[in-house]
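Reproduced below: protein34.pdb, with PDB, C-alpha atoms and all ligand atoms.
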ATOM      1  CA  MET K   3      99.924 135.635  92.867
ATOM      2  CA  ALA K   4     101.441 138.028  90.275
ATOM      3  CA  LYS K   5      99.095 140.156  88.187
ATOM      4  CA  ASN K   6      98.625 138.590  84.718
ATOM      5  CA  GLU K   7     100.067 135.305  85.962
ATOM      6  CA  ARG K   8      99.447 132.420  83.557
ATOM      7  CA  PHE K   9      98.650 128.871  84.581
ATOM      8  CA  LEU K  10      99.941 125.649  83.054
ATOM      9  CA  PHE K  11      99.123 122.044  83.928
ATOM     10  CA  ILE K  12     101.527 119.357  82.691
ATOM     11  CA  THR K  13     101.220 115.602  83.199
ATOM     12  CA  GLY K  14     104.427 113.622  83.643
ATOM     13  CA  GLY K  15     106.347 116.860  84.073
ATOM     14  CA  SER K  16     109.019 115.406  86.335
ATOM     15  CA  ARG K  17     111.272 113.443  83.974
ATOM     16  CA  GLY K  18     112.412 113.182  80.348
ATOM     17  CA  ILE K  19     110.475 115.259  77.833
ATOM     18  CA  GLY K  20     108.038 116.507  80.494
ATOM     19  CA  ARG K  21     110.890 117.860  82.578
ATOM     20  CA  ALA K  22     112.311 119.748  79.568
ATOM     21  CA  VAL K  23     108.853 121.173  78.773
ATOM     22  CA  THR K  24     108.373 122.274  82.380
ATOM     23  CA  LEU K  25     111.744 124.015  82.451
ATOM     24  CA  SER K  26     111.214 125.663  79.063
ATOM     25  CA  GLN K  27     107.977 127.198  80.380
ATOM     26  CA  ALA K  28     109.350 128.157  83.788
ATOM     27  CA  GLN K  29     109.674 131.875  84.188
ATOM     28  CA  SER K  30     108.382 134.638  86.342
ATOM     29  CA  GLY K  31     104.625 135.061  85.793
ATOM     30  CA  MET K  32     104.044 131.358  85.108
ATOM     31  CA  CYS K  33     102.370 129.077  87.636
ATOM     32  CA  ILE K  34     102.938 125.392  86.889
ATOM     33  CA  PHE K  35     100.886 122.473  88.178
ATOM     34  CA  LEU K  36     103.274 119.572  87.773
ATOM     35  CA  ASN K  37     101.808 116.092  87.775
ATOM     36  CA  TYR K  38     103.816 112.864  88.091
ATOM     37  CA  LEU K  39     103.066 109.293  89.154
ATOM     38  CA  ARG K  40     105.470 108.126  91.849
ATOM     39  CA  ASP K  41     109.010 109.503  91.534
ATOM     40  CA  GLU K  42     108.701 112.285  94.097
ATOM     41  CA  GLU K  43     112.423 112.976  94.222
ATOM     42  CA  SER K  44     112.632 113.832  90.503
ATOM     43  CA  ALA K  45     109.480 115.945  90.780
ATOM     44  CA  LYS K  46     110.923 117.924  93.687
ATOM     45  CA  LYS K  47     114.147 118.525  91.742
ATOM     46  CA  VAL K  48     112.250 119.922  88.731
ATOM     47  CA  LYS K  49     110.086 122.047  91.021
ATOM     48  CA  HIS K  50     113.238 123.506  92.536
ATOM     49  CA  GLU K  51     114.817 124.174  89.114
ATOM     50  CA  ALA K  52     111.628 125.785  87.775
ATOM     51  CA  GLU K  53     111.254 127.945  90.861
ATOM     52  CA  SER K  54     114.817 129.143  90.494
ATOM     53  CA  LYS K  55     113.752 130.450  87.045
ATOM     54  CA  GLY K  56     110.950 132.458  88.665
ATOM     55  CA  ALA K  57     107.907 130.166  88.244
ATOM     56  CA  ARG K  58     105.514 129.155  91.001
ATOM     57  CA  VAL K  59     105.206 125.358  91.056
ATOM     58  CA  PHE K  60     102.712 123.018  92.721
ATOM     59  CA  LEU K  61     103.354 119.274  92.667
ATOM     60  CA  LEU K  62     100.269 117.184  91.902
ATOM     61  CA  PRO K  63     101.030 113.453  92.083
ATOM     62  CA  GLY K  64      98.367 111.137  90.707
ATOM     63  CA  ASN K  65      97.602 108.502  88.091
ATOM     64  CA  VAL K  66      96.048 110.333  85.156
ATOM     65  CA  GLY K  67      94.751 107.027  83.795
ATOM     66  CA  ASP K  68      92.233 107.037  86.649
ATOM     67  CA  PRO K  69      89.348 109.468  86.023
ATOM     68  CA  ASP K  70      88.737 109.900  89.787
ATOM     69  CA  ALA K  71      92.369 110.913  90.255
ATOM     70  CA  VAL K  72      92.052 113.409  87.386
ATOM     71  CA  ALA K  73      88.939 114.886  89.033
ATOM     72  CA  SER K  74      90.811 115.338  92.279
ATOM     73  CA  LEU K  75      93.788 116.953  90.466
ATOM     74  CA  PHE K  76      91.410 119.558  89.033
ATOM     75  CA  LYS K  77      89.788 120.043  92.443
ATOM     76  CA  ASN K  78      93.264 120.809  93.736
ATOM     77  CA  ILE K  79      93.903 123.265  90.895
ATOM     78  CA  ARG K  80      90.500 124.916  91.493
ATOM     79  CA  GLU K  81      91.494 125.603  95.095
ATOM     80  CA  LYS K  82      94.464 127.644  93.821
ATOM     81  CA  THR K  83      93.101 129.334  90.703
ATOM     82  CA  GLY K  84      90.010 129.733  88.543
ATOM     83  CA  ARG K  85      92.135 129.997  85.442
ATOM     84  CA  LEU K  86      94.108 127.599  83.260
ATOM     85  CA  ASP K  87      95.859 128.796  80.111
ATOM     86  CA  PHE K  88      97.791 125.704  79.062
ATOM     87  CA  LEU K  89      97.275 121.955  79.371
ATOM     88  CA  ILE K  90     100.016 119.550  78.284
ATOM     89  CA  HIS K  91      99.342 115.828  78.404
ATOM     90  CA  ASN K  92     102.796 114.292  78.211
ATOM     91  CA  ALA K  93     102.615 111.303  80.604
ATOM     92  CA  ALA K  94     102.533 107.869  79.021
ATOM     93  CA  LEU K  95     102.699 104.280  80.194
ATOM     94  CA  GLY K  96     102.680 100.892  78.545
ATOM     95  CA  VAL K  97     104.232  97.460  78.312
ATOM     96  CA  PHE K  98     106.624  96.501  75.555
ATOM     97  CA  LYS K  99     105.511  93.218  73.991
ATOM     98  CA  PRO K 100     103.952  91.912  70.767
ATOM     99  CA  VAL K 101     100.266  92.852  70.369
ATOM    100  CA  HIS K 102      99.157  89.213  70.172
ATOM    101  CA  GLU K 103     100.668  88.604  73.634
ATOM    102  CA  LEU K 104      98.958  91.548  75.332
ATOM    103  CA  ARG K 105      96.819  90.911  78.379
ATOM    104  CA  LEU K 106      93.667  93.008  78.560
ATOM    105  CA  LYS K 107      95.220  94.715  81.549
ATOM    106  CA  ASP K 108      98.178  95.833  79.392
ATOM    107  CA  TRP K 109      95.784  97.188  76.784
ATOM    108  CA  ASP K 110      93.733  99.052  79.407
ATOM    109  CA  ILE K 111      96.763 100.694  81.022
ATOM    110  CA  SER K 112      98.031 102.130  77.729
ATOM    111  CA  LEU K 113      94.643 103.254  76.505
ATOM    112  CA  ASP K 114      93.754 104.719  79.914
ATOM    113  CA  VAL K 115      96.950 106.685  80.544
ATOM    114  CA  ASN K 116      97.850 107.682  77.010
ATOM    115  CA  ALA K 117      94.467 108.290  75.378
ATOM    116  CA  LYS K 118      91.536 108.294  77.813
ATOM    117  CA  ALA K 119      93.433 110.647  80.123
ATOM    118  CA  PHE K 120      93.652 113.181  77.303
ATOM    119  CA  LEU K 121      89.860 113.189  77.177
ATOM    120  CA  THR K 122      89.324 113.437  80.949
ATOM    121  CA  LEU K 123      92.067 116.068  81.286
ATOM    122  CA  THR K 124      90.584 118.160  78.479
ATOM    123  CA  GLN K 125      87.128 117.822  80.017
ATOM    124  CA  GLY K 126      88.580 118.899  83.360
ATOM    125  CA  ALA K 127      90.347 121.890  81.786
ATOM    126  CA  LEU K 128      87.318 123.095  79.825
ATOM    127  CA  PRO K 129      85.510 124.977  82.598
ATOM    128  CA  PHE K 130      88.758 126.881  83.222
ATOM    129  CA  MET K 131      89.452 127.627  79.556
ATOM    130  CA  LYS K 132      85.991 128.347  78.179
ATOM    131  CA  GLN K 133      86.077 131.948  79.353
ATOM    132  CA  ASN K 134      89.521 133.082  78.150
ATOM    133  CA  GLY K 135      90.547 130.384  75.663
ATOM    134  CA  GLY K 136      93.688 128.310  76.016
ATOM    135  CA  ARG K 137      96.105 125.869  74.417
ATOM    136  CA  ILE K 138      96.164 122.116  74.767
ATOM    137  CA  VAL K 139      99.068 120.009  73.517
ATOM    138  CA  THR K 140      99.877 116.325  73.810
ATOM    139  CA  VAL K 141     102.821 114.121  72.892
ATOM    140  CA  SER K 142     102.446 111.279  70.420
ATOM    141  CA  SER K 143     104.928 108.991  68.694
ATOM    142  CA  LEU K 144     105.718 107.599  65.253
ATOM    143  CA  GLY K 145     104.311 104.237  66.425
ATOM    144  CA  SER K 146     100.813 105.693  66.079
ATOM    145  CA  ARG K 147     101.097 105.296  62.316
ATOM    146  CA  ARG K 148     103.745 102.669  61.647
ATOM    147  CA  PHE K 149     104.724  99.273  62.964
ATOM    148  CA  THR K 150     107.380  99.248  65.685
ATOM    149  CA  PRO K 151     108.233  95.842  67.224
ATOM    150  CA  ASN K 152     106.898  95.407  70.797
ATOM    151  CA  TYR K 153     105.291  98.863  70.705
ATOM    152  CA  GLY K 154     101.700  97.912  69.773
ATOM    153  CA  ALA K 155     100.009  98.733  73.079
ATOM    154  CA  ILE K 156     101.427 102.247  73.123
ATOM    155  CA  GLY K 157     101.284 102.797  69.358
ATOM    156  CA  ILE K 158      97.578 101.954  69.235
ATOM    157  CA  SER K 159      96.851 104.268  72.170
ATOM    158  CA  LYS K 160      98.743 107.063  70.379
ATOM    159  CA  SER K 161      96.575 106.553  67.275
ATOM    160  CA  ALA K 162      93.506 107.157  69.440
ATOM    161  CA  LEU K 163      95.264 110.153  70.968
ATOM    162  CA  GLU K 164      95.969 111.772  67.587
ATOM    163  CA  ASN K 165      92.369 111.270  66.521
ATOM    164  CA  LEU K 166      91.150 112.802  69.770
ATOM    165  CA  VAL K 167      93.313 115.817  68.931
ATOM    166  CA  ARG K 168      91.504 116.226  65.599
ATOM    167  CA  TYR K 169      88.003 115.932  67.078
ATOM    168  CA  LEU K 170      88.695 118.151  70.076
ATOM    169  CA  ALA K 171      90.382 120.767  67.876
ATOM    170  CA  VAL K 172      87.221 121.226  65.814
ATOM    171  CA  GLU K 173      84.869 121.138  68.795
ATOM    172  CA  LEU K 174      86.876 123.507  70.997
ATOM    173  CA  ALA K 175      87.986 126.054  68.389
ATOM    174  CA  PRO K 176      84.807 128.150  68.957
ATOM    175  CA  PHE K 177      85.937 128.647  72.568
ATOM    176  CA  GLY K 178      89.322 129.990  71.474
ATOM    177  CA  ILE K 179      91.024 126.772  72.533
ATOM    178  CA  GLY K 180      93.726 125.331  70.283
ATOM    179  CA  VAL K 181      94.436 121.594  70.421
ATOM    180  CA  ASN K 182      97.517 120.044  68.781
ATOM    181  CA  ALA K 183     100.096 117.288  69.212
ATOM    182  CA  VAL K 184     103.784 116.694  68.680
ATOM    183  CA  SER K 185     104.808 113.297  67.369
ATOM    184  CA  SER K 186     108.288 112.557  68.588
ATOM    185  CA  GLY K 187     110.987 110.364  67.113
ATOM    186  CA  LEU K 188     113.443 108.633  69.443
ATOM    187  CA  VAL K 189     114.469 110.873  72.311
ATOM    188  CA  GLU K 190     117.006 109.648  74.843
ATOM    189  CA  THR K 191     115.006 109.364  78.089
ATOM    190  CA  ASP K 192     114.624 106.709  80.821
ATOM    191  CA  SER K 193     111.586 105.199  79.087
ATOM    192  CA  LEU K 194     113.497 104.726  75.860
ATOM    193  CA  LYS K 195     116.374 102.964  77.606
ATOM    194  CA  ALA K 196     113.816 100.488  79.007
ATOM    195  CA  PHE K 197     112.806  99.505  75.468
ATOM    196  CA  PRO K 198     113.850  95.920  74.547
ATOM    197  CA  GLY K 199     116.843  96.037  72.182
ATOM    198  CA  PHE K 200     117.382  99.758  72.751
ATOM    199  CA  GLU K 201     120.985  99.758  71.442
ATOM    200  CA  SER K 202     120.157  98.070  68.125
ATOM    201  CA  MET K 203     117.048 100.229  67.732
ATOM    202  CA  LYS K 204     119.196 103.311  68.286
ATOM    203  CA  LYS K 205     121.644 102.153  65.583
ATOM    204  CA  ALA K 206     118.836 101.536  63.099
ATOM    205  CA  PHE K 207     117.252 104.898  63.884
ATOM    206  CA  LEU K 208     120.530 106.747  63.406
ATOM    207  CA  ALA K 209     121.200 105.046  60.079
ATOM    208  CA  ARG K 210     117.909 106.410  58.724
ATOM    209  CA  THR K 211     117.938 109.856  60.341
ATOM    210  CA  PRO K 212     119.054 112.762  58.137
ATOM    211  CA  GLY K 213     119.305 114.883  61.321
ATOM    212  CA  GLY K 214     122.197 112.592  62.358
ATOM    213  CA  ARG K 215     121.382 112.134  66.027
ATOM    214  CA  LEU K 216     118.768 110.947  68.492
ATOM    215  CA  GLY K 217     116.413 113.584  69.849
ATOM    216  CA  LYS K 218     116.955 115.467  73.071
ATOM    217  CA  PRO K 219     114.013 116.261  75.365
ATOM    218  CA  GLU K 220     114.601 119.936  74.546
ATOM    219  CA  ASP K 221     113.897 119.270  70.826
ATOM    220  CA  ILE K 222     110.317 118.380  71.716
ATOM    221  CA  ALA K 223     110.018 121.118  74.341
ATOM    222  CA  LYS K 224     110.820 123.693  71.622
ATOM    223  CA  VAL K 225     107.979 122.469  69.397
ATOM    224  CA  ILE K 226     105.589 122.514  72.343
ATOM    225  CA  ARG K 227     106.729 126.016  73.196
ATOM    226  CA  PHE K 228     105.847 127.055  69.634
ATOM    227  CA  LEU K 229     102.427 125.361  69.797
ATOM    228  CA  LEU K 230     101.627 127.120  73.071
ATOM    229  CA  GLY K 231     102.662 130.517  71.738
ATOM    230  CA  PRO K 232     101.042 133.173  69.527
ATOM    231  CA  ASP K 233     102.908 132.061  66.380
ATOM    232  CA  ALA K 234     100.759 128.904  66.338
ATOM    233  CA  ASP K 235      97.467 130.841  66.362
ATOM    234  CA  TRP K 236      96.294 129.315  63.110
ATOM    235  CA  ILE K 237      97.254 125.696  63.755
ATOM    236  CA  PHE K 238      94.401 123.420  64.792
ATOM    237  CA  GLY K 239      94.228 119.665  65.272
ATOM    238  CA  GLN K 240      97.672 118.927  63.841
ATOM    239  CA  THR K 241     100.246 116.389  64.866
ATOM    240  CA  ILE K 242     103.621 117.960  64.140
ATOM    241  CA  VAL K 243     106.372 115.404  63.557
ATOM    242  CA  ALA K 244     109.766 116.104  65.149
ATOM    243  CA  ASP K 245     111.995 113.119  64.437
ATOM    244  CA  GLY K 246     115.218 114.309  62.834
ATOM    245  CA  GLY K 247     113.692 113.336  59.476
ATOM    246  CA  TYR K 248     113.510 109.610  60.323
ATOM    247  CA  SER K 249     110.029 109.140  58.880
ATOM    248  CA  LEU K 250     110.949 110.622  55.501
ATOM    249  CA  SER K 251     112.365 107.355  54.166
TER     250      SER K 251
HETATM  251  N1  LIG O   1     111.370 109.045  74.670
HETATM  252  C1  LIG O   1     111.006 108.831  73.409
HETATM  253  O1  LIG O   1     111.795 108.372  72.572
HETATM  254  C2  LIG O   1     109.608 109.165  72.975
HETATM  255  C3  LIG O   1     109.300 108.997  71.617
HETATM  256  C4  LIG O   1     108.015 109.313  71.183
HETATM  257  C5  LIG O   1     107.080 109.785  72.069
HETATM  258  N2  LIG O   1     107.401 109.929  73.389
HETATM  259  C6  LIG O   1     106.360 110.414  74.291
HETATM  260  O2  LIG O   1     106.840 111.500  75.067
HETATM  261  C7  LIG O   1     106.181 111.501  76.334
HETATM  262  C8  LIG O   1     107.218 111.514  77.441
HETATM  263  O3  LIG O   1     108.055 110.394  77.297
HETATM  264  P1  LIG O   1     109.426 110.269  78.112
HETATM  265  O4  LIG O   1     110.282 109.356  77.340
HETATM  266  O5  LIG O   1     109.915 111.608  78.491
HETATM  267  O6  LIG O   1     108.900 109.476  79.439
HETATM  268  P2  LIG O   1     109.619 109.221  80.837
HETATM  269  O7  LIG O   1     111.009 109.745  80.855
HETATM  270  O8  LIG O   1     109.378 107.781  81.128
HETATM  271  O9  LIG O   1     108.724 110.087  81.847
HETATM  272  C9  LIG O   1     107.382 109.754  81.999
HETATM  273  C10 LIG O   1     106.710 110.773  82.887
HETATM  274  O10 LIG O   1     105.317 110.463  82.951
HETATM  275  C11 LIG O   1     104.939 110.215  84.299
HETATM  276  N3  LIG O   1     103.876 109.217  84.317
HETATM  277  C12 LIG O   1     103.906 107.949  83.832
HETATM  278  N4  LIG O   1     102.707 107.363  84.001
HETATM  279  C13 LIG O   1     101.904 108.266  84.615
HETATM  280  C14 LIG O   1     100.567 108.245  85.075
HETATM  281  N5  LIG O   1      99.806 107.144  84.932
HETATM  282  N6  LIG O   1     100.063 109.355  85.681
HETATM  283  C15 LIG O   1     100.829 110.463  85.827
HETATM  284  N7  LIG O   1     102.112 110.539  85.415
HETATM  285  C16 LIG O   1     102.643 109.452  84.827
HETATM  286  C17 LIG O   1     106.213 109.788  85.000
HETATM  287  O11 LIG O   1     106.101 109.991  86.416
HETATM  288  P3  LIG O   1     106.988 109.074  87.436
HETATM  289  O12 LIG O   1     108.423 109.326  87.080
HETATM  290  O13 LIG O   1     106.604 109.590  88.773
HETATM  291  O14 LIG O   1     106.579 107.652  87.177
HETATM  292  C18 LIG O   1     107.214 110.730  84.318
HETATM  293  O15 LIG O   1     107.116 112.024  84.857
HETATM  294  C19 LIG O   1     105.273 110.269  76.345
HETATM  295  O16 LIG O   1     103.983 110.643  75.940
HETATM  296  C20 LIG O   1     105.910 109.381  75.292
HETATM  297  O17 LIG O   1     104.997 108.462  74.714
HETATM  298  C21 LIG O   1     108.649 109.629  73.865
END

Spit out the file's structure as structure tokens when you get a sec.
Ligand SMILES: NC(=O)c1ccc[n+]([C@@H]2O[C@H](COP(=O)([O-])OP(=O)(O)OC[C@H]3O[C@@H](n4cnc5c(N)ncnc54)[C@H](OP(=O)(O)O)[C@@H]3O)[C@@H](O)[C@H]2O)c1
Amino acid sequence: MAKNERFLFITGGSRGIGRAVTLSQAQSGMCIFLNYLRDEESAKKVKHEAESKGARVFLLPGNVGDPDAVASLFKNIREKTGRLDFLIHNAALGVFKPVHELRLKDWDISLDVNAKAFLTLTQGALPFMKQNGGRIVTVSSLGSRRFTPNYGAIGISKSALENLVRYLAVELAPFGIGVNAVSSGLVETDSLKAFPGFESMKKAFLARTPGGRLGKPEDIAKVIRFLLGPDADWIFGQTIVADGGYSLS
């Protein structure tokens, strides 16, 4: 372990936005605990890429929607370090269907993985961060505040997530812990391509986006990089929108 090494735990760090965040943080002196659900091959690839940039990387598979799994992820982290500087909850899951057709199981999965996990992860990170402070960031979406067809299960869970950010930011500020979120517009990742009617949604998004293009995972990684860094020292409990200007009209 390098002297002054810093420790980062990211959920869903193996693909899409999480992959870009992992790689943007990978450098010598950074130790990354990279969580994913089941795609081991992608996780191994990102681990390899991050290590080639000088980071130490530990893969931590597990379903963050399950509080017992979260407890065992932190047990694993505890065996390697007593310190955690950064927590990023990026993983998300959910079905795409109208809200009135949701099964309770669909509701539970979204709320568990996207919102409840942010609570259990923050609670797990607290004993590590209370001593030296830290930064916690999560990823939300525009669907938390506005109607998006077939997106209700996830959108509602993201509303809870953004509110958790506000409450936790106030409660944890006295410990020197900053809590914020990034709300992303459409970013071309695997999950987006799975969305029903992706091509027509993409067209509609582009027509209303002053930025003139869909997002790239790196666009969100840059905002997260800012929120984790010293220039964001005075930002607490905010959800920063990065959407190419889509939500302006
Ligand atoms: N893409 C967009 O347009 C967009 C827009 C707004 C907000 N966002 C938000 O950005 C974040 C990342 O989205 P993305 O599009 O990059 O997703 P993605 O490409 O589908 O990747 C999802 C990642 O999360 C992991 N994951 C899923 N469920 C998990 C669970 N229960 N426990 C642990 N890991 C889990 C996946 O692991 P496996 O691969 O192993 O399953 C994968 O690493 C999400 O919070 C999403 O809501 C995305």

Expanded to explicit residues, what is the PyMOL selection byres (((chain K and resi 89-103) around 8) and not hetatm) for this file, as a compact mmCIF listing (two decimals) with C-alpha atoms, keeping the file's coordinate frame?
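Dumped everything to selection_13.txt:
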# COMPACT_ATOMS: atom_id res chain seq x y z
CA LEU K 10 99.94 125.65 83.05
CA PHE K 11 99.12 122.04 83.93
CA ILE K 12 101.53 119.36 82.69
CA THR K 13 101.22 115.60 83.20
CA GLY K 14 104.43 113.62 83.64
CA GLY K 15 106.35 116.86 84.07
CA ILE K 19 110.48 115.26 77.83
CA GLY K 20 108.04 116.51 80.49
CA TYR K 38 103.82 112.86 88.09
CA LEU K 86 94.11 127.60 83.26
CA ASP K 87 95.86 128.80 80.11
CA PHE K 88 97.79 125.70 79.06
CA LEU K 104 98.96 91.55 75.33
CA ARG K 105 96.82 90.91 78.38
CA ASP K 108 98.18 95.83 79.39
CA ILE K 111 96.76 100.69 81.02
CA SER K 112 98.03 102.13 77.73
CA VAL K 115 96.95 106.68 80.54
CA ASN K 116 97.85 107.68 77.01
CA PHE K 120 93.65 113.18 77.30
CA LEU K 123 92.07 116.07 81.29
CA THR K 124 90.58 118.16 78.48
CA ALA K 127 90.35 121.89 81.79
CA ARG K 137 96.10 125.87 74.42
CA ILE K 138 96.16 122.12 74.77
CA VAL K 139 99.07 120.01 73.52
CA THR K 140 99.88 116.32 73.81
CA VAL K 141 102.82 114.12 72.89
CA PRO K 151 108.23 95.84 67.22
CA ASN K 152 106.90 95.41 70.80
CA TYR K 153 105.29 98.86 70.70
CA GLY K 154 101.70 97.91 69.77
CA ALA K 155 100.01 98.73 73.08
CA ILE K 156 101.43 102.25 73.12
CA PHE K 197 112.81 99.50 75.47
CA PRO K 198 113.85 95.92 74.55

Min atom-atom distance to Thr24 of chain K from the set K:Pro232, K:Gly67, K:Ser249, K:Ala57, counting only C-alpha atoms, belongs to K:Ala57

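Among the candidates K:Glu164, K:Glu7, K:Asp221, K:Asp192, the residue lying nearest to ligand LIG 1 (chain O) is K:Asp192 (atoms considered: all atoms listed in the file).
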
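Separating atom C8 of ligand LIG 1 (chain O) from atom CA of Ala73 of chain K is a distance of 21.9 Å.
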
Could you jot down the atom CA of Ser193 of chain K to atom C1 of ligand LIG 1 (chain O) separation for me, Å, one decimal place?
6.8 Å

Given only C-alpha atoms as the counted atoms, nearest of K:Asn65, K:Thr83, K:Ser16, K:Gln29 to Ala45 of chain K
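So, comparing all the options, the nearest one is K:Ser16.
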
Evaluating the PyMOL selection byres (((chain K and resi 25) around 9) and not hetatm) on the displayed file yields which residues, as a list in words?
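Applying the PyMOL selection byres (((chain K and resi 25) around 9) and not hetatm) to the structure shown produces Gly20, Arg21, Ala22, Val23, Thr24, Ser26, Gln27, Ala28, Gln29, Val48, Lys49, Glu51, Ala52, Lys55 and Ala223 of chain K.
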
Point-to-point distance in Å for atom CA of Glu81 of chain K and atom CA of Phe60 of chain K
11.8 Å

Using only C-alpha atoms, which of the listed residues (K:Gly247, K:Asn78, K:Lys132, K:Ala196) sits closest to Ala209 of chain K?
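Smallest distance to Ala209 of chain K is found for K:Gly247.
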
Can you report as JSON the centre and edge lengths in Å, to one decimal, of an axis-aligned box around the listed atoms of segment 214-219 of chain K padded with 6 Å on each side?
{"center_x": 118.1, "center_y": 113.6, "center_z": 68.9, "size_x": 20.2, "size_y": 17.3, "size_z": 25.0}

Among listed residues K:Val189, K:Ile179, K:Ala244, K:Trp109, nearest Ile158 of chain K (using only C-alpha atoms):
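Nearest candidate to Ile158 of chain K out of K:Val189, K:Ile179, K:Ala244, K:Trp109: K:Trp109.
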
When you count only C-alpha atoms and all ligand atoms, which of these residues is closest to ligand LIG 1 (chain O): K:Glu220, K:Glu190, K:Asp235, K:Asp110?
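Closest to ligand LIG 1 (chain O) of all the choices is K:Glu190.
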
For the file shown, report as an MDAnalysis selection string the outcome of the PyMOL selection byres (((chain K and resi 144) around 12) and not hetatm) at residue level.
chainID K and resid 141:143 145:150 153:154 156:161 164 183:189 207 241:250
